[in-house]
Amino acid sequence: MKAVRLSEHGGPEVLSVEEVDRPEPGGHELLVEVEAAGVNPVDTYFRDGSYEPVGLPFTPGVDVAGTVAEVGEFVEGFDEGDRVYGTGIGGGAAQGAYAEFATVPEDRLVHLPEGVDATEAGGAGVAACTSWRALVDHAGLDPAEWCLVHGGSGGVGHAAVQLGASVGARVITTAAPEYHDAVRDLGADVVLDYGRDDLADAVLEASNGGVDAVLDHRLDDYLQFDADVAAPDATVVGIGENEPDPGFSNDGVARSKDVGYKFMSMFNTPGLRVPLGGVAHLMDAGDISIEVARTYDLEEAPEAQRAVMEDSFLGKLVVVP
Ligand SMILES: NC(=O)c1ccc[n+]([C@@H]2O[C@H](COP(=O)([O-])OP(=O)(O)OC[C@H]3O[C@@H](n4cnc5c(N)ncnc54)[C@H](OP(=O)(O)O)[C@@H]3O)[C@@H](O)[C@H]2O)c1
């Protein structure tokens, strides 16, 4: 089979397509014929060696959607030919999904409803499960609460906007002006340009004094901002940053409002099948749709990984083997 591999860490150019043996599923794994594999920033961190160590040669791709080709000896509840999607695969010694086939642990996959497009589902895993873990598990977002999603046109952001709306929360999001209409159509109640000088005032005004939950993917830009726009007892969930040294200019603002901060990795989710199943239901019901901005074949994986870090797009980039 064909698989994208890297044999040394480096830039996108270290990725190339190779002919490799089709993998055998372990006892608690399934072999999936890959129809789509989402492209995520974390794929590039595995590639450049800045995330946890991986065994080389390594195939990237933590998200997958496709069809079960073989079922491991101890796996129950899946049959050959079932449509599935999953996330949290690849990393360490395990290979990822930028390939024609991938082995996937049974606890990182769920069935894909007939009505849900495989390309869309291939882009759903990290984006939607991170949103679920952040807003549902950590922030405990309730109907009518105010939720701020920074960067609502991005992979995680556009899923979080839809998830927030689907639980009945009131969603404020930020985006570049070209995406405002699209992000409003996804369910945001208020869309603000992240470049505004008066962004904090605009968030406070829109939320009548402060938001109950924040999803922040740029903590080095927004750690203090989050405290400034938080309502009393709000929860700020941090999922990322550009520089690893975010800091407060006045942490007293956070203390004065008992703001809770939770920094998370989707990979630590206990029971990934819960958010995967929930998101599958919401995709089937039409409450979450993954916007696929561009697709790439395996040979274009270097360009896909360049684009996910450097380009602006709405939603997700997806590799389609
Ligand atoms: N901890 C976890 O479990 C976890 C899980 C998933 C992702 N992450 C991290 O979260 C980050 C986002 O991931 P992603 O897949 O959503 O990436 P993405 O699809 O590239 O989205 C990033 C978004 O940030 C927006 N943005 C740029 N400048 C901004 C600003 N000043 N304020 C607010 N938004 C701004 C971009 O908008 P433009 O297009 O207008 O530039 C883009 O929509 C990455 O750092 C990733 O590693 C962490």
# chains A, B, ... in the order shown; residues from 1 in each chain; ligands from 1
call {"tool": "residues_near_ligand", "arguments": {"ligand": "ligand 1", "cutoff": "6 Å", "atoms": "only C-alpha atoms and all ligand atoms", "output": "PyMOL selection string"}}
result
chain A and resi 40-42+126-127+130+150-151+153-157+175-176+194+217+239-241+264-266+308-309+312-313
call {"tool": "write_last_selection", "arguments": {"atoms": "N, CA and C atoms", "output": "PDB file, in the first residue's frame"}}
result
ATOM      1  N   ASN A  40      -3.885  18.269  10.734  1.00  0.00           N
ATOM      2  CA  ASN A  40      -3.916  19.050  11.972  1.00  0.00           C
ATOM      3  C   ASN A  40      -2.548  19.634  12.277  1.00  0.00           C
ATOM      4  N   PRO A  41      -2.516  20.790  12.991  1.00  0.00           N
ATOM      5  CA  PRO A  41      -1.210  21.310  13.416  1.00  0.00           C
ATOM      6  C   PRO A  41      -0.369  20.258  14.137  1.00  0.00           C
ATOM      7  N   VAL A  42      -1.008  19.382  14.933  1.00  0.00           N
ATOM      8  CA  VAL A  42      -0.208  18.400  15.687  1.00  0.00           C
ATOM      9  C   VAL A  42       0.532  17.441  14.747  1.00  0.00           C
ATOM     10  N   VAL A 126     -10.068  15.566  15.652  1.00  0.00           N
ATOM     11  CA  VAL A 126      -9.390  16.478  16.581  1.00  0.00           C
ATOM     12  C   VAL A 126     -10.218  17.742  16.785  1.00  0.00           C
ATOM     13  N   ALA A 127     -10.714  18.308  15.702  1.00  0.00           N
ATOM     14  CA  ALA A 127     -11.418  19.596  15.800  1.00  0.00           C
ATOM     15  C   ALA A 127     -12.637  19.484  16.709  1.00  0.00           C
ATOM     16  N   THR A 130     -11.852  17.965  20.456  1.00  0.00           N
ATOM     17  CA  THR A 130     -11.230  18.981  21.308  1.00  0.00           C
ATOM     18  C   THR A 130     -12.287  19.979  21.774  1.00  0.00           C
ATOM     19  N   HIS A 150     -12.309  31.911  20.497  1.00  0.00           N
ATOM     20  CA  HIS A 150     -11.332  32.671  19.705  1.00  0.00           C
ATOM     21  C   HIS A 150     -11.129  31.950  18.368  1.00  0.00           C
ATOM     22  N   GLY A 151     -11.054  32.697  17.278  1.00  0.00           N
ATOM     23  CA  GLY A 151     -10.705  32.091  15.985  1.00  0.00           C
ATOM     24  C   GLY A 151     -11.757  31.117  15.471  1.00  0.00           C
ATOM     25  N   SER A 153     -13.134  30.625  12.656  1.00  0.00           N
ATOM     26  CA  SER A 153     -13.065  30.077  11.291  1.00  0.00           C
ATOM     27  C   SER A 153     -12.101  28.906  11.195  1.00  0.00           C
ATOM     28  N   GLY A 154     -11.327  28.635  12.252  1.00  0.00           N
ATOM     29  CA  GLY A 154     -10.312  27.573  12.195  1.00  0.00           C
ATOM     30  C   GLY A 154     -10.917  26.186  12.385  1.00  0.00           C
ATOM     31  N   GLY A 155     -10.052  25.185  12.350  1.00  0.00           N
ATOM     32  CA  GLY A 155     -10.521  23.811  12.493  1.00  0.00           C
ATOM     33  C   GLY A 155     -11.273  23.613  13.802  1.00  0.00           C
ATOM     34  N   VAL A 156     -10.569  23.828  14.920  1.00  0.00           N
ATOM     35  CA  VAL A 156     -11.233  23.689  16.220  1.00  0.00           C
ATOM     36  C   VAL A 156     -12.311  24.756  16.367  1.00  0.00           C
ATOM     37  N   GLY A 157     -11.990  25.984  15.981  1.00  0.00           N
ATOM     38  CA  GLY A 157     -12.915  27.099  16.201  1.00  0.00           C
ATOM     39  C   GLY A 157     -14.267  26.889  15.545  1.00  0.00           C
ATOM     40  N   ALA A 175     -13.026  36.324  14.206  1.00  0.00           N
ATOM     41  CA  ALA A 175     -12.538  35.814  12.918  1.00  0.00           C
ATOM     42  C   ALA A 175     -12.106  36.993  12.069  1.00  0.00           C
ATOM     43  N   ALA A 176     -11.325  36.709  11.026  1.00  0.00           N
ATOM     44  CA  ALA A 176     -11.010  37.744  10.040  1.00  0.00           C
ATOM     45  C   ALA A 176     -12.304  38.094   9.293  1.00  0.00           C
ATOM     46  N   TYR A 194     -10.971  39.733  15.042  1.00  0.00           N
ATOM     47  CA  TYR A 194      -9.955  39.587  16.094  1.00  0.00           C
ATOM     48  C   TYR A 194      -8.910  40.693  16.057  1.00  0.00           C
ATOM     49  N   HIS A 217      -7.056  29.197  21.820  1.00  0.00           N
ATOM     50  CA  HIS A 217      -5.999  28.432  21.153  1.00  0.00           C
ATOM     51  C   HIS A 217      -4.728  29.261  20.997  1.00  0.00           C
ATOM     52  N   ILE A 239      -6.031  25.544  24.839  1.00  0.00           N
ATOM     53  CA  ILE A 239      -5.620  24.377  24.039  1.00  0.00           C
ATOM     54  C   ILE A 239      -4.330  24.612  23.274  1.00  0.00           C
ATOM     55  N   GLY A 240      -3.824  25.847  23.232  1.00  0.00           N
ATOM     56  CA  GLY A 240      -2.607  26.048  22.444  1.00  0.00           C
ATOM     57  C   GLY A 240      -2.070  27.454  22.569  1.00  0.00           C
ATOM     58  N   GLU A 241      -0.916  27.665  21.964  1.00  0.00           N
ATOM     59  CA  GLU A 241      -0.273  28.965  21.960  1.00  0.00           C
ATOM     60  C   GLU A 241       0.776  28.971  20.861  1.00  0.00           C
ATOM     61  N   MET A 264      -5.489  21.801  28.410  1.00  0.00           N
ATOM     62  CA  MET A 264      -5.826  20.409  28.074  1.00  0.00           C
ATOM     63  C   MET A 264      -5.155  19.924  26.794  1.00  0.00           C
ATOM     64  N   SER A 265      -5.066  18.617  26.681  1.00  0.00           N
ATOM     65  CA  SER A 265      -4.732  17.964  25.416  1.00  0.00           C
ATOM     66  C   SER A 265      -5.830  16.965  25.104  1.00  0.00           C
ATOM     67  N   MET A 266      -6.333  17.006  23.889  1.00  0.00           N
ATOM     68  CA  MET A 266      -7.380  16.059  23.495  1.00  0.00           C
ATOM     69  C   MET A 266      -6.920  14.619  23.673  1.00  0.00           C
ATOM     70  N   VAL A 308      -1.536  24.021   6.473  1.00  0.00           N
ATOM     71  CA  VAL A 308      -2.268  24.048   7.748  1.00  0.00           C
ATOM     72  C   VAL A 308      -1.604  25.021   8.726  1.00  0.00           C
ATOM     73  N   MET A 309      -0.312  25.234   8.585  1.00  0.00           N
ATOM     74  CA  MET A 309       0.375  26.157   9.482  1.00  0.00           C
ATOM     75  C   MET A 309       0.456  27.584   8.929  1.00  0.00           C
ATOM     76  N   SER A 312      -4.605  30.755   5.423  1.00  0.00           N
ATOM     77  CA  SER A 312      -5.884  31.041   6.066  1.00  0.00           C
ATOM     78  C   SER A 312      -6.972  30.302   5.302  1.00  0.00           C
ATOM     79  N   PHE A 313      -7.870  29.627   6.027  1.00  0.00           N
ATOM     80  CA  PHE A 313      -8.942  28.859   5.377  1.00  0.00           C
ATOM     81  C   PHE A 313     -10.077  28.702   6.382  1.00  0.00           C
TER      82      PHE A 313
END
call {"tool": "residues_around", "arguments": {"residues": "segment 184-186 of chain A", "least_positions_apart": "5", "cutoff": "7 Å", "atoms": "only C-alpha atoms", "output": "MDAnalysis selection string"}}
result
chainID A and resid 161:162 191
call {"tool": "write_last_selection", "arguments": {"atoms": "N, CA and C atoms", "output": "tab-separated table (two decimals), in the first residue's frame"}}
result
chain	number	residue	atom	x	y	z
A	161	VAL	N	-17.80	26.61	17.60
A	161	VAL	CA	-18.94	27.51	17.39
A	161	VAL	C	-20.22	26.69	17.25
A	162	GLN	N	-20.15	25.64	16.44
A	162	GLN	CA	-21.35	24.83	16.19
A	162	GLN	C	-21.74	24.02	17.42
A	191	VAL	N	-20.17	37.91	15.92
A	191	VAL	CA	-18.87	37.67	15.29
A	191	VAL	C	-18.09	38.98	15.28
call {"tool": "residues_around", "arguments": {"residues": "Ser7 of chain A", "least_positions_apart": "5", "cutoff": "7 Å", "atoms": "only C-alpha atoms", "output": "list in words"}}
result
Leu56, Pro57 and Phe58 of chain A
call {"tool": "write_last_selection", "arguments": {"atoms": "C-alpha atoms", "output": "compact mmCIF listing (two decimals), in the first residue's frame"}}
result
# COMPACT_ATOMS: atom_id res chain seq x y z
CA LEU A 56 10.91 6.49 12.58
CA PRO A 57 9.99 5.91 9.84
CA PHE A 58 6.65 7.44 10.80
call {"tool": "residues_around", "arguments": {"residues": "Leu317 of chain A", "least_positions_apart": "6", "cutoff": "10 Å", "atoms": "only C-alpha atoms", "output": "compact mmCIF listing (two decimals) with all heavy atoms, in the first residue's frame"}}
result
# COMPACT_ATOMS: atom_id res chain seq x y z
N ALA A 37 -8.24 11.65 5.89
CA ALA A 37 -7.44 11.87 7.10
C ALA A 37 -7.28 13.38 7.28
O ALA A 37 -6.69 14.05 6.44
CB ALA A 37 -6.06 11.21 6.96
N GLY A 38 -7.84 13.90 8.36
CA GLY A 38 -7.73 15.34 8.62
C GLY A 38 -6.28 15.77 8.77
O GLY A 38 -5.43 14.99 9.21
N VAL A 39 -6.01 17.01 8.39
CA VAL A 39 -4.66 17.58 8.55
C VAL A 39 -4.72 18.53 9.74
O VAL A 39 -5.54 19.45 9.77
CB VAL A 39 -4.25 18.36 7.28
CG1 VAL A 39 -2.85 18.94 7.45
CG2 VAL A 39 -4.33 17.45 6.06
N ASN A 40 -3.89 18.27 10.73
CA ASN A 40 -3.92 19.05 11.97
C ASN A 40 -2.55 19.63 12.28
O ASN A 40 -1.53 19.03 11.93
CB ASN A 40 -4.34 18.15 13.14
CG ASN A 40 -5.80 17.78 13.08
OD1 ASN A 40 -6.66 18.62 13.34
ND2 ASN A 40 -6.10 16.55 12.70
N THR A 119 -15.34 12.33 3.90
CA THR A 119 -14.31 13.37 3.85
C THR A 119 -14.50 14.35 5.01
O THR A 119 -13.56 14.75 5.69
CB THR A 119 -14.34 14.12 2.51
OG1 THR A 119 -14.29 13.16 1.45
CG2 THR A 119 -13.17 15.08 2.38
N GLU A 120 -15.78 14.69 5.23
CA GLU A 120 -16.11 15.58 6.34
C GLU A 120 -15.71 14.91 7.67
O GLU A 120 -15.08 15.54 8.53
CB GLU A 120 -17.62 15.82 6.30
CG GLU A 120 -18.08 17.02 7.05
CD GLU A 120 -19.60 17.17 6.97
OE1 GLU A 120 -20.19 17.00 5.86
OE2 GLU A 120 -20.19 17.45 8.01
N GLY A 122 -13.51 12.67 8.19
CA GLY A 122 -12.06 12.57 8.31
C GLY A 122 -11.45 13.83 8.92
O GLY A 122 -10.40 13.78 9.55
N GLY A 123 -12.13 14.95 8.74
CA GLY A 123 -11.64 16.20 9.32
C GLY A 123 -12.23 16.52 10.68
O GLY A 123 -11.93 17.56 11.27
N GLY A 155 -10.05 25.19 12.35
CA GLY A 155 -10.52 23.81 12.49
C GLY A 155 -11.27 23.61 13.80
O GLY A 155 -12.46 23.27 13.82
N GLU A 291 -16.52 21.93 7.65
CA GLU A 291 -16.27 22.61 6.38
C GLU A 291 -14.92 22.13 5.84
O GLU A 291 -13.89 22.34 6.49
CB GLU A 291 -16.23 24.12 6.58
CG GLU A 291 -17.50 24.70 7.18
CD GLU A 291 -18.68 24.59 6.24
OE1 GLU A 291 -18.49 24.84 5.02
OE2 GLU A 291 -19.78 24.26 6.70
N VAL A 292 -14.93 21.46 4.70
CA VAL A 292 -13.66 20.98 4.11
C VAL A 292 -13.19 22.04 3.11
O VAL A 292 -13.77 22.19 2.04
CB VAL A 292 -13.85 19.62 3.44
CG1 VAL A 292 -12.54 19.16 2.80
CG2 VAL A 292 -14.32 18.58 4.47
N ALA A 293 -12.16 22.78 3.52
CA ALA A 293 -11.69 23.89 2.68
C ALA A 293 -10.95 23.37 1.45
O ALA A 293 -11.10 23.90 0.35
CB ALA A 293 -10.77 24.80 3.50
N ARG A 294 -10.12 22.34 1.64
CA ARG A 294 -9.33 21.79 0.54
C ARG A 294 -9.03 20.32 0.81
O ARG A 294 -8.90 19.94 1.97
CB ARG A 294 -7.98 22.50 0.41
CG ARG A 294 -8.00 23.78 -0.39
CD ARG A 294 -6.61 24.42 -0.35
NE ARG A 294 -6.67 25.70 0.33
CZ ARG A 294 -5.66 26.29 0.96
NH1 ARG A 294 -4.49 25.70 1.02
NH2 ARG A 294 -5.81 27.45 1.54
N THR A 295 -8.90 19.53 -0.26
CA THR A 295 -8.44 18.15 -0.10
C THR A 295 -7.11 17.99 -0.84
O THR A 295 -6.80 18.74 -1.78
CB THR A 295 -9.46 17.13 -0.65
OG1 THR A 295 -9.66 17.37 -2.04
CG2 THR A 295 -10.79 17.23 0.09
N TYR A 296 -6.36 17.00 -0.41
CA TYR A 296 -5.02 16.73 -0.96
C TYR A 296 -4.87 15.23 -1.15
O TYR A 296 -5.35 14.45 -0.31
CB TYR A 296 -3.93 17.19 0.03
CG TYR A 296 -3.99 18.67 0.37
CD1 TYR A 296 -4.85 19.14 1.35
CD2 TYR A 296 -3.19 19.59 -0.30
CE1 TYR A 296 -4.92 20.48 1.67
CE2 TYR A 296 -3.25 20.94 0.01
CZ TYR A 296 -4.12 21.39 0.98
OH TYR A 296 -4.19 22.73 1.30
N ALA A 304 -0.04 20.08 2.11
CA ALA A 304 -1.12 20.13 3.10
C ALA A 304 -0.57 20.57 4.46
O ALA A 304 -1.18 21.40 5.15
CB ALA A 304 -1.80 18.77 3.21
N GLN A 305 0.58 20.02 4.83
CA GLN A 305 1.15 20.38 6.14
C GLN A 305 1.72 21.79 6.15
O GLN A 305 1.71 22.46 7.18
CB GLN A 305 2.21 19.36 6.55
CG GLN A 305 1.59 18.02 6.96
CD GLN A 305 2.44 17.25 7.93
OE1 GLN A 305 3.60 17.59 8.20
NE2 GLN A 305 1.89 16.17 8.47
N ALA A 307 0.35 24.21 4.38
CA ALA A 307 -0.84 25.06 4.37
C ALA A 307 -1.51 25.13 5.73
O ALA A 307 -2.00 26.20 6.13
CB ALA A 307 -1.82 24.53 3.32
N VAL A 308 -1.54 24.02 6.47
CA VAL A 308 -2.27 24.05 7.75
C VAL A 308 -1.60 25.02 8.73
O VAL A 308 -2.28 25.59 9.60
CB VAL A 308 -2.41 22.63 8.37
CG1 VAL A 308 -1.13 22.15 9.02
CG2 VAL A 308 -3.58 22.58 9.35
call {"tool": "residues_around", "arguments": {"residues": "Glu300 of chain A", "least_positions_apart": "2", "cutoff": "10 Å", "atoms": "only C-alpha atoms", "output": "PyMOL selection string"}}
result
chain A and resi 4+15-17+295-298+302-305+319-321
call {"tool": "atom_distance", "arguments": {"atom1": "atom CA of Asp21 of chain A", "atom2": "atom CA of Ile89 of chain A"}}
result
18.6 Å
call {"tool": "atom_distance", "arguments": {"atom1": "atom CA of Ile172 of chain A", "atom2": "atom CA of Val203 of chain A"}}
result
7.4 Å
call {"tool": "residues_around", "arguments": {"residues": "Phe74 of chain A", "least_positions_apart": "4", "cutoff": "12 Å", "atoms": "only C-alpha atoms", "output": "NGL selection string"}}
result
:A and (25-30 or 70 or 78 or 105-106)
call {"tool": "atom_distance", "arguments": {"atom1": "atom CA of Tyr98 of chain A", "atom2": "atom CA of Val75 of chain A"}}
result
23.4 Å
call {"tool": "select_by_dssp", "arguments": {"residues": "segment 141-218 of chain A", "states": "strand (DSSP E or B)", "output": "list in words"}}
result
Trp146, Cys147, Leu148, Val149, Arg170, Val171, Ile172, Thr173, Thr174, Ala175, Val190, Val191, Leu192, Asp193, Val211, Asp212, Ala213, Val214, Leu215 and Asp216 of chain A
call {"tool": "closest_residue", "arguments": {"among": "A:Gly96, A:Phe263, A:Pro143, A:Ala234", "to": "Arg218 of chain A", "atoms": "only C-alpha atoms"}}
result
A:Phe263
call {"tool": "closest_residue", "arguments": {"among": "A:Asp189, A:Gly278, A:Glu310, A:Leu141", "to": "Val167 of chain A", "atoms": "only C-alpha atoms"}}
result
A:Leu141
call {"tool": "select_by_dssp", "arguments": {"residues": "segment 148-309 of chain A", "states": "helix (DSSP H, G or I)", "output": "number ranges by chain"}}
result
A: 155-166, 177-185, 199-206, 219-229, 252-256, 266-268, 273-284, 298-309
call {"tool": "closest_residue", "arguments": {"among": "A:Asn242, A:Thr103, A:Asn250, A:Thr59", "to": "Val71 of chain A", "atoms": "only C-alpha atoms"}}
result
A:Thr103
call {"tool": "decode", "arguments": {"residues": "segment 284-295 of chain A", "atoms": "all heavy atoms", "output": "compact mmCIF listing (two decimals), in the first residue's frame"}}
result
# COMPACT_ATOMS: atom_id res chain seq x y z
N ASP A 284 -24.80 13.81 12.07
CA ASP A 284 -25.94 13.15 11.42
C ASP A 284 -27.20 14.02 11.51
O ASP A 284 -28.00 14.08 10.57
CB ASP A 284 -26.18 11.80 12.09
CG ASP A 284 -27.08 10.89 11.27
OD1 ASP A 284 -27.03 10.99 10.02
OD2 ASP A 284 -27.82 10.10 11.86
N ALA A 285 -27.34 14.71 12.64
CA ALA A 285 -28.52 15.56 12.85
C ALA A 285 -28.40 16.90 12.13
O ALA A 285 -29.34 17.69 12.11
CB ALA A 285 -28.70 15.79 14.35
N GLY A 286 -27.22 17.17 11.57
CA GLY A 286 -27.01 18.44 10.88
C GLY A 286 -26.64 19.59 11.80
O GLY A 286 -26.61 20.75 11.39
N ASP A 287 -26.32 19.27 13.07
CA ASP A 287 -25.96 20.33 14.01
C ASP A 287 -24.48 20.70 13.93
O ASP A 287 -24.08 21.79 14.35
CB ASP A 287 -26.30 19.91 15.44
CG ASP A 287 -27.80 19.86 15.66
OD1 ASP A 287 -28.51 20.65 14.99
OD2 ASP A 287 -28.26 19.04 16.47
N ILE A 288 -23.65 19.77 13.46
CA ILE A 288 -22.24 20.09 13.20
C ILE A 288 -21.92 19.65 11.78
O ILE A 288 -22.19 18.51 11.40
CB ILE A 288 -21.29 19.37 14.18
CG1 ILE A 288 -21.40 19.98 15.58
CG2 ILE A 288 -19.84 19.44 13.69
CD1 ILE A 288 -20.39 19.43 16.59
N SER A 289 -21.38 20.58 11.00
CA SER A 289 -20.87 20.19 9.69
C SER A 289 -19.41 20.64 9.62
O SER A 289 -19.09 21.77 10.01
CB SER A 289 -21.69 20.84 8.56
OG SER A 289 -21.56 22.23 8.63
N ILE A 290 -18.56 19.74 9.18
CA ILE A 290 -17.15 20.09 9.06
C ILE A 290 -16.94 20.67 7.66
O ILE A 290 -17.21 20.02 6.66
CB ILE A 290 -16.26 18.85 9.29
CG1 ILE A 290 -16.46 18.31 10.72
CG2 ILE A 290 -14.79 19.16 9.02
CD1 ILE A 290 -16.12 19.27 11.84
N GLU A 291 -16.52 21.93 7.65
CA GLU A 291 -16.27 22.61 6.38
C GLU A 291 -14.92 22.13 5.84
O GLU A 291 -13.89 22.34 6.49
CB GLU A 291 -16.23 24.12 6.58
CG GLU A 291 -17.50 24.70 7.18
CD GLU A 291 -18.68 24.59 6.24
OE1 GLU A 291 -18.49 24.84 5.02
OE2 GLU A 291 -19.78 24.26 6.70
N VAL A 292 -14.93 21.46 4.70
CA VAL A 292 -13.66 20.98 4.11
C VAL A 292 -13.19 22.04 3.11
O VAL A 292 -13.77 22.19 2.04
CB VAL A 292 -13.85 19.62 3.44
CG1 VAL A 292 -12.54 19.16 2.80
CG2 VAL A 292 -14.32 18.58 4.47
N ALA A 293 -12.16 22.78 3.52
CA ALA A 293 -11.69 23.89 2.68
C ALA A 293 -10.95 23.37 1.45
O ALA A 293 -11.10 23.90 0.35
CB ALA A 293 -10.77 24.80 3.50
N ARG A 294 -10.12 22.34 1.64
CA ARG A 294 -9.33 21.79 0.54
C ARG A 294 -9.03 20.32 0.81
O ARG A 294 -8.90 19.94 1.97
CB ARG A 294 -7.98 22.50 0.41
CG ARG A 294 -8.00 23.78 -0.39
CD ARG A 294 -6.61 24.42 -0.35
NE ARG A 294 -6.67 25.70 0.33
CZ ARG A 294 -5.66 26.29 0.96
NH1 ARG A 294 -4.49 25.70 1.02
NH2 ARG A 294 -5.81 27.45 1.54
N THR A 295 -8.90 19.53 -0.26
CA THR A 295 -8.44 18.15 -0.10
C THR A 295 -7.11 17.99 -0.84
O THR A 295 -6.80 18.74 -1.78
CB THR A 295 -9.46 17.13 -0.65
OG1 THR A 295 -9.66 17.37 -2.04
CG2 THR A 295 -10.79 17.23 0.09
